[in-house]
>>> print(open('my_file_4.cif').read())   # mmCIF, C-alpha atoms
data_input
loop_
_atom_site.label_atom_id
_atom_site.label_comp_id
_atom_site.auth_asym_id
_atom_site.auth_seq_id
_atom_site.Cartn_x
_atom_site.Cartn_y
_atom_site.Cartn_z
CA MET H 1 55.13 -68.35 -12.75
CA LYS H 2 54.95 -66.47 -16.03
CA TYR H 3 51.19 -66.98 -16.05
CA GLU H 4 50.84 -65.74 -12.45
CA THR H 5 53.08 -62.73 -13.19
CA SER H 6 50.99 -61.94 -16.27
CA GLN H 7 47.78 -62.21 -14.21
CA LYS H 8 49.18 -59.91 -11.53
CA GLU H 9 50.31 -57.36 -14.15
CA GLN H 10 46.84 -57.42 -15.70
CA LYS H 11 45.25 -56.94 -12.25
CA ILE H 12 47.60 -54.01 -11.56
CA LYS H 13 46.70 -52.47 -14.93
CA ILE H 14 42.99 -52.95 -14.20
CA LEU H 15 43.39 -51.39 -10.75
CA GLU H 16 45.35 -48.47 -12.21
CA LYS H 17 42.71 -48.00 -14.90
CA ASN H 18 39.93 -48.16 -12.28
CA LYS H 19 41.85 -45.64 -10.17
CA GLN H 20 42.22 -43.32 -13.18
CA LEU H 21 38.49 -43.68 -13.92
CA SER H 22 37.68 -43.05 -10.24
CA ASP H 23 39.95 -39.97 -10.16
CA ALA H 24 38.39 -38.65 -13.36
CA LYS H 25 34.91 -39.26 -11.92
CA ASN H 26 35.85 -37.49 -8.66
CA GLN H 27 37.32 -34.63 -10.63
CA ARG H 28 34.13 -34.35 -12.71
CA ASN H 29 32.06 -34.42 -9.54
CA PHE H 30 34.29 -31.77 -7.98
CA TRP H 31 33.90 -29.44 -10.97
CA LEU H 32 30.17 -30.18 -11.15
CA ILE H 33 29.68 -29.30 -7.47
CA THR H 34 31.94 -26.23 -7.83
CA GLY H 35 29.97 -25.13 -10.91
CA LEU H 36 26.68 -25.60 -9.09
CA ILE H 37 27.96 -23.58 -6.10
CA ILE H 38 29.16 -20.80 -8.43
CA LEU H 39 25.80 -20.82 -10.26
CA PHE H 40 23.97 -20.69 -6.93
CA ILE H 41 26.12 -17.74 -5.77
CA LEU H 42 25.58 -15.94 -9.11
CA PHE H 43 21.83 -16.60 -8.91
CA ALA H 44 21.77 -15.28 -5.32
CA ILE H 45 23.69 -12.12 -6.36
CA ILE H 46 21.41 -11.55 -9.39
CA TYR H 47 18.31 -12.10 -7.23
CA PHE H 48 19.63 -9.73 -4.56
CA LEU H 49 20.45 -7.03 -7.15
CA ALA H 50 17.10 -7.47 -8.95
CA HIS H 51 15.22 -7.38 -5.63
CA ASN H 52 17.04 -4.19 -4.57
CA ARG H 53 16.43 -2.64 -7.98
CA GLN H 54 12.72 -3.45 -7.74
CA LYS H 55 12.61 -1.96 -4.24
CA LEU H 56 14.25 1.22 -5.54
CA ARG H 57 11.79 1.35 -8.45
CA ASN H 58 8.85 0.89 -6.08
CA LYS H 59 10.25 3.61 -3.79
CA GLN H 60 10.73 5.92 -6.77
CA LYS H 61 7.17 5.24 -7.94
CA GLU H 62 5.91 5.92 -4.42
CA ILE H 63 7.78 9.26 -4.34
CA GLU H 64 6.51 10.17 -7.82
CA THR H 65 2.94 9.29 -6.82
CA GLU H 66 3.25 11.38 -3.66
CA GLN H 67 4.62 14.30 -5.69
CA LYS H 68 1.73 14.00 -8.18
CA LEU H 69 -0.82 13.96 -5.37
CA LEU H 70 0.73 17.07 -3.84
CA ARG H 71 0.73 18.84 -7.22
CA LEU H 72 -2.90 17.82 -7.79
CA GLN H 73 -3.78 19.33 -4.40
CA MET H 74 -2.20 22.63 -5.45
CA ASN H 75 -4.15 22.96 -8.69
CA PRO H 76 -7.66 23.21 -7.15
CA HIS H 77 -6.29 25.69 -4.59
CA PHE H 78 -4.90 27.90 -7.34
CA ILE H 79 -8.04 27.55 -9.51
CA PHE H 80 -10.27 28.53 -6.58
CA ASN H 81 -8.31 31.76 -6.01
CA ALA H 82 -8.37 32.65 -9.70
CA ILE H 83 -12.09 31.98 -10.14
CA PHE H 84 -12.83 34.05 -7.04
CA ALA H 85 -10.93 36.97 -8.63
CA ILE H 86 -12.86 36.59 -11.92
CA GLN H 87 -16.09 36.55 -9.94
CA ASN H 88 -15.14 39.90 -8.35
CA PHE H 89 -14.57 41.42 -11.80
CA ILE H 90 -17.99 40.21 -12.95
CA TYR H 91 -19.67 41.67 -9.84
CA GLU H 92 -18.04 45.02 -10.66
CA ASN H 93 -19.61 44.84 -14.15
CA ASP H 94 -16.17 45.13 -15.77
CA THR H 95 -16.82 42.94 -18.83
CA GLU H 96 -13.60 43.87 -20.68
CA LYS H 97 -11.33 43.07 -17.72
CA SER H 98 -13.25 39.90 -16.93
CA SER H 99 -12.81 38.70 -20.53
CA LEU H 100 -9.08 39.52 -20.59
CA TYR H 101 -8.58 37.99 -17.15
CA LEU H 102 -10.40 34.81 -18.20
CA SER H 103 -8.34 34.57 -21.42
CA ASN H 104 -5.04 34.89 -19.49
CA PHE H 105 -6.31 32.44 -16.89
CA ALA H 106 -7.03 29.86 -19.64
CA LYS H 107 -3.46 30.21 -21.04
CA LEU H 108 -1.98 29.85 -17.57
CA MET H 109 -4.14 26.84 -16.72
CA ARG H 110 -3.06 25.10 -19.92
CA LEU H 111 0.60 25.46 -18.90
CA ILE H 112 -0.11 24.32 -15.34
CA LEU H 113 -2.12 21.27 -16.40
CA GLU H 114 0.58 20.25 -18.90
CA SER H 115 3.29 20.55 -16.24
CA SER H 116 1.27 18.83 -13.48
CA ARG H 117 1.56 15.47 -15.28
CA LYS H 118 5.37 15.61 -15.13
CA ASN H 119 7.79 15.30 -12.24
CA LEU H 120 10.26 17.61 -13.97
CA ILE H 121 9.88 20.31 -16.60
CA THR H 122 12.42 22.57 -18.28
CA PHE H 123 13.44 25.70 -16.41
CA GLN H 124 12.22 27.66 -19.43
CA ASP H 125 8.69 26.25 -19.07
CA GLU H 126 8.68 26.96 -15.33
CA LEU H 127 9.67 30.57 -16.05
CA LYS H 128 6.76 30.85 -18.49
CA ILE H 129 4.36 29.72 -15.75
CA ILE H 130 5.88 32.19 -13.26
CA GLU H 131 5.68 35.13 -15.70
CA TYR H 132 2.14 34.28 -16.81
CA TYR H 133 1.06 34.04 -13.18
CA ILE H 134 2.66 37.37 -12.18
CA GLN H 135 1.20 39.15 -15.22
CA PHE H 136 -2.14 37.57 -14.36
CA GLN H 137 -1.88 39.06 -10.85
CA GLN H 138 -0.77 42.43 -12.25
CA LEU H 139 -3.93 42.57 -14.36
CA ARG H 140 -6.02 41.69 -11.35
CA ARG H 141 -4.36 44.38 -9.21
CA GLU H 142 -4.28 47.02 -11.96
CA ASN H 143 -0.46 47.00 -12.20
CA SER H 144 -0.06 48.12 -8.58
CA PHE H 145 3.29 46.30 -8.36
CA ASP H 146 6.29 45.54 -10.58
CA TYR H 147 8.56 42.50 -10.75
CA LYS H 148 12.10 41.44 -11.72
CA ILE H 149 13.39 37.94 -12.43
CA ASN H 150 17.18 37.44 -12.21
CA ILE H 151 18.78 34.21 -13.44
CA SER H 152 22.52 33.52 -13.08
CA GLU H 153 24.36 33.10 -16.38
CA ASN H 154 25.53 29.56 -15.58
CA ILE H 155 21.94 28.22 -15.71
CA ASP H 156 20.96 26.93 -19.14
CA THR H 157 17.17 27.40 -18.98
CA GLU H 158 16.52 25.16 -22.02
CA ASN H 159 18.45 22.15 -20.68
CA THR H 160 17.88 22.45 -16.94
CA LEU H 161 15.06 20.48 -15.33
CA VAL H 162 13.11 21.61 -12.26
CA PRO H 163 10.03 20.40 -10.34
CA PRO H 164 6.99 22.39 -11.53
CA MET H 165 5.05 24.97 -9.47
CA LEU H 166 7.46 25.24 -6.53
CA VAL H 167 7.95 29.02 -6.69
CA GLN H 168 4.36 30.07 -7.42
CA PRO H 169 2.92 29.63 -3.86
CA PHE H 170 5.55 32.00 -2.40
CA ILE H 171 4.93 34.54 -5.16
CA GLU H 172 1.23 34.29 -4.39
CA ASN H 173 1.85 34.92 -0.68
CA ALA H 174 4.07 37.93 -1.42
CA ILE H 175 1.41 39.50 -3.65
CA GLU H 176 -1.67 38.57 -1.60
CA HIS H 177 -0.27 39.38 1.85
CA GLY H 178 2.86 41.51 1.37
CA PHE H 179 1.19 43.92 -1.10
CA GLU H 180 -2.22 43.72 0.52
CA ASP H 181 -2.20 47.36 1.72
CA ASN H 182 -1.35 49.08 -1.60
CA ILE H 183 2.39 49.50 -1.00
CA GLU H 184 3.96 52.40 -2.88
CA ASN H 185 6.54 51.31 -5.51
CA ALA H 186 5.76 47.68 -4.71
CA LEU H 187 8.44 45.42 -6.19
CA LEU H 188 8.76 41.66 -6.33
CA LYS H 189 12.23 40.20 -6.99
CA ILE H 190 12.81 36.55 -7.88
CA ASN H 191 16.41 35.28 -8.03
CA PHE H 192 17.82 31.97 -9.29
CA ASN H 193 21.50 31.20 -8.60
CA LEU H 194 23.43 28.02 -9.34
CA LYS H 195 25.98 26.93 -6.74
CA ASN H 196 27.38 23.52 -5.66
CA ASN H 197 24.90 21.57 -7.83
CA TYR H 198 21.91 23.34 -6.30
CA ILE H 199 19.69 26.09 -7.65
CA PHE H 200 19.13 28.62 -4.87
CA VAL H 201 15.79 30.40 -5.17
CA SER H 202 14.82 33.60 -3.36
CA ILE H 203 11.56 35.55 -3.50
CA GLU H 204 11.85 39.06 -2.08
CA ASP H 205 9.16 41.71 -1.70
CA ASN H 206 9.13 45.19 -0.18
CA GLY H 207 5.69 44.74 1.36
CA LYS H 208 4.61 45.00 4.97
CA GLY H 209 6.65 41.99 6.11
CA ILE H 210 5.69 38.51 7.20
CA LYS H 211 5.48 39.45 10.90
CA LYS H 212 2.67 41.95 10.29
CA ALA H 213 1.03 39.68 7.71
CA ASN H 214 0.96 36.79 10.19
CA LYS H 215 -0.69 38.98 12.83
CA LYS H 216 -3.52 39.72 10.43
CA SER H 217 -3.82 36.21 8.99
CA LYS H 218 -2.93 33.48 11.50
CA HIS H 219 -3.36 30.47 9.18
CA GLN H 220 -0.63 29.12 6.93
CA SER H 221 -1.32 28.94 3.21
CA LEU H 222 -2.33 25.45 2.07
CA ALA H 223 -0.11 25.80 -1.02
CA THR H 224 2.87 26.72 1.22
CA GLU H 225 2.29 23.63 3.38
CA ILE H 226 2.13 21.42 0.28
CA THR H 227 5.32 23.03 -1.09
CA GLU H 228 7.11 22.33 2.21
CA GLU H 229 6.09 18.68 1.89
CA ARG H 230 7.29 18.57 -1.73
CA LEU H 231 10.67 20.09 -0.82
CA SER H 232 11.18 17.58 1.99
CA ILE H 233 10.66 14.77 -0.56
CA ILE H 234 12.87 16.41 -3.22
CA LEU H 235 15.70 17.15 -0.75
CA LYS H 236 15.15 13.87 1.15
CA THR H 237 15.00 15.58 4.52
CA LYS H 238 12.74 14.74 7.45
CA ASN H 239 12.62 18.20 9.02
CA LYS H 240 10.64 20.13 6.40
CA GLU H 241 10.80 23.43 8.34
CA ASN H 242 14.56 23.67 7.71
CA ASN H 243 14.11 23.51 3.92
CA ILE H 244 12.68 27.04 3.66
CA LYS H 245 14.19 30.19 5.19
CA ILE H 246 11.85 33.11 5.84
CA ILE H 247 13.31 36.47 6.90
CA ASP H 248 11.38 39.60 7.82
CA LEU H 249 13.68 42.37 6.56
CA GLN H 250 12.62 44.76 9.34
CA MET H 251 14.04 42.34 11.91
CA ILE H 252 17.47 42.83 10.28
CA ASP H 253 17.25 46.50 9.30
CA LYS H 254 14.53 48.78 10.75
CA THR H 255 14.71 51.04 7.68
CA LYS H 256 13.69 48.18 5.36
CA LYS H 257 10.37 46.49 4.82
CA GLY H 258 9.36 43.22 3.25
CA THR H 259 10.15 39.53 3.33
CA ILE H 260 12.73 37.21 1.76
CA ILE H 261 11.86 33.55 1.28
CA SER H 262 14.62 31.24 0.10
CA PHE H 263 15.10 27.55 -0.59
CA LYS H 264 17.18 25.28 -2.81
CA ILE H 265 16.48 22.51 -5.30
CA PRO H 266 18.88 19.99 -6.90
CA PHE H 267 20.45 21.06 -10.20
CA ILE H 268 19.42 18.57 -12.91
CA GLU H 269 20.62 18.78 -16.50
CA GLU H 270 18.68 17.29 -19.42
CA PHE H 271 20.86 15.12 -21.67
#
>>> encode(input="my_file_4.cif", output="structure tokens")
Amino acid sequence: MKYETSQKEQKIKILEKNKQLSDAKNQRNFWLITGLIILFILFAIIYFLAHNRQKLRNKQKEIETEQKLLRLQMNPHFIFNAIFAIQNFIYENDTEKSSLYLSNFAKLMRLILESSRKNLITFQDELKIIEYYIQFQQLRRENSFDYKINISENIDTENTLVPPMLVQPFIENAIEHGFEDNIENALLKINFNLKNNYIFVSIEDNGKGIKKANKKSKHQSLATEITEERLSIILKTKNKENNIKIIDLQMIDKTKKGTIISFKIPFIEEF
């Protein structure tokens, strides 16, 4: 009986030990499966985030490429107009003006070509391009118009970034079409105001007005069309016509003449 009892006790101990081993094995399997599930979930999350990030990068590259293409389209348009003006000077046998005009054109082109490779440039550099371009046009038109540039005090021109060559097409239209008929005391006003994280831009002239200009020239400027496309990408809007407001001042007040063109761009600070 003692022997049988001893055998039974040993069997019970073996069974208990086997049960403990089985429980430990099950527990290890449980934690192994749980760990694998957690790793799978983490891998899925990382893959999802990486895939989304790559999609955003590709989208950003696509936008940047589109912006570069639009800027590259603007450069030949601008160069054509400038060379045509130089050609007129040469035909008039005005060697001194042609030389000065060509020198200023070279300086301006250097700034434009440097900026065309970038999506954003400093506000200060954009202002240089604007002033060079206006002075270039003043030389061409024998100072038949004046200009003023107003910048709100809360814009730090050195540390604010803007897309290059957005304002120039509208300045060109104001000078070429608004001041086409030798307006007396012709004045071009360009305003930059910062409000609600946007820079609001307005280009105002006291020329003949867009209504009369459109009657004479029925086609839209290529540079203006390209700028509308660029603004729709920058502002992420589908309806590009709503991005630019054009007001003929005579439609508001019969005693006034000229046109105001206004649009906004996001305020971006350089850190």
>>> atom_distance(input="my_file_4.cif", atom1="CA of Phe263 (chain H)", atom2="CA of Phe80 (chain H)")
26.1 Å
>>> resolve_selection(input="my_file_4.cif", expression="the PyMOL selection byres ((chain H and resi 270) around 9)", output="number ranges by chain")
H: 122, 158-161, 268-269, 271
>>> atom_distance(input="my_file_4.cif", atom1="CA of Ala106 (chain H)", atom2="CA of Gln124 (chain H)")
19.4 Å
>>> atom_distance(input="my_file_4.cif", atom1="CA of Gln27 (chain H)", atom2="CA of Ile45 (chain H)")
26.7 Å
>>> resolve_selection(input="my_file_4.cif", expression="the PyMOL selection byres ((chain H and resi 153) around 12)", output="ChimeraX atom specification")
/H:150-152,154-157,191-195
>>> resolve_selection(input="my_file_4.cif", expression="the PyMOL selection byres ((chain H and resi 142-147) around 10)", output="mmCIF file with C-alpha atoms, in the coordinates of the input")
data_model
loop_
_atom_site.group_PDB
_atom_site.id
_atom_site.type_symbol
_atom_site.label_atom_id
_atom_site.label_comp_id
_atom_site.auth_asym_id
_atom_site.auth_seq_id
_atom_site.Cartn_x
_atom_site.Cartn_y
_atom_site.Cartn_z
ATOM 1 C CA LYS H 97 -11.330 43.070 -17.720
ATOM 2 C CA GLU H 131 5.680 35.130 -15.700
ATOM 3 C CA ILE H 134 2.660 37.370 -12.180
ATOM 4 C CA GLN H 135 1.200 39.150 -15.220
ATOM 5 C CA PHE H 136 -2.140 37.570 -14.360
ATOM 6 C CA GLN H 137 -1.880 39.060 -10.850
ATOM 7 C CA GLN H 138 -0.770 42.430 -12.250
ATOM 8 C CA LEU H 139 -3.930 42.570 -14.360
ATOM 9 C CA ARG H 140 -6.020 41.690 -11.350
ATOM 10 C CA ARG H 141 -4.360 44.380 -9.210
ATOM 11 C CA LYS H 148 12.100 41.440 -11.720
ATOM 12 C CA ILE H 149 13.390 37.940 -12.430
ATOM 13 C CA ILE H 175 1.410 39.500 -3.650
ATOM 14 C CA PHE H 179 1.190 43.920 -1.100
ATOM 15 C CA ASN H 182 -1.350 49.080 -1.600
ATOM 16 C CA ILE H 183 2.390 49.500 -1.000
ATOM 17 C CA GLU H 184 3.960 52.400 -2.880
ATOM 18 C CA ASN H 185 6.540 51.310 -5.510
ATOM 19 C CA ALA H 186 5.760 47.680 -4.710
ATOM 20 C CA LEU H 187 8.440 45.420 -6.190
ATOM 21 C CA LEU H 188 8.760 41.660 -6.330
ATOM 22 C CA LYS H 189 12.230 40.200 -6.990
ATOM 23 C CA ILE H 190 12.810 36.550 -7.880
ATOM 24 C CA GLU H 204 11.850 39.060 -2.080
ATOM 25 C CA ASP H 205 9.160 41.710 -1.700
#
>>> residues_near_point(input="my_file_4.cif", point="(18.8, 19.3, -0.9)", cutoff="8 Å", atoms="only C-alpha atoms", output="list of chain:residue names")
H:Tyr198, H:Ile234, H:Leu235, H:Lys236, H:Thr237, H:Asn243, H:Lys264, H:Ile265, H:Pro266
>>> closest_residue(input="my_file_4.cif", among="H:Trp31, H:Tyr132, H:Phe200, H:Phe123", to="Tyr101 (chain H)", atoms="only C-alpha atoms")
H:Tyr132
>>> closest_residue(input="my_file_4.cif", among="H:Asn242, H:Thr259, H:Asn88, H:Gln168", to="Thr227 (chain H)", atoms="all atoms listed in the file")
H:Gln168
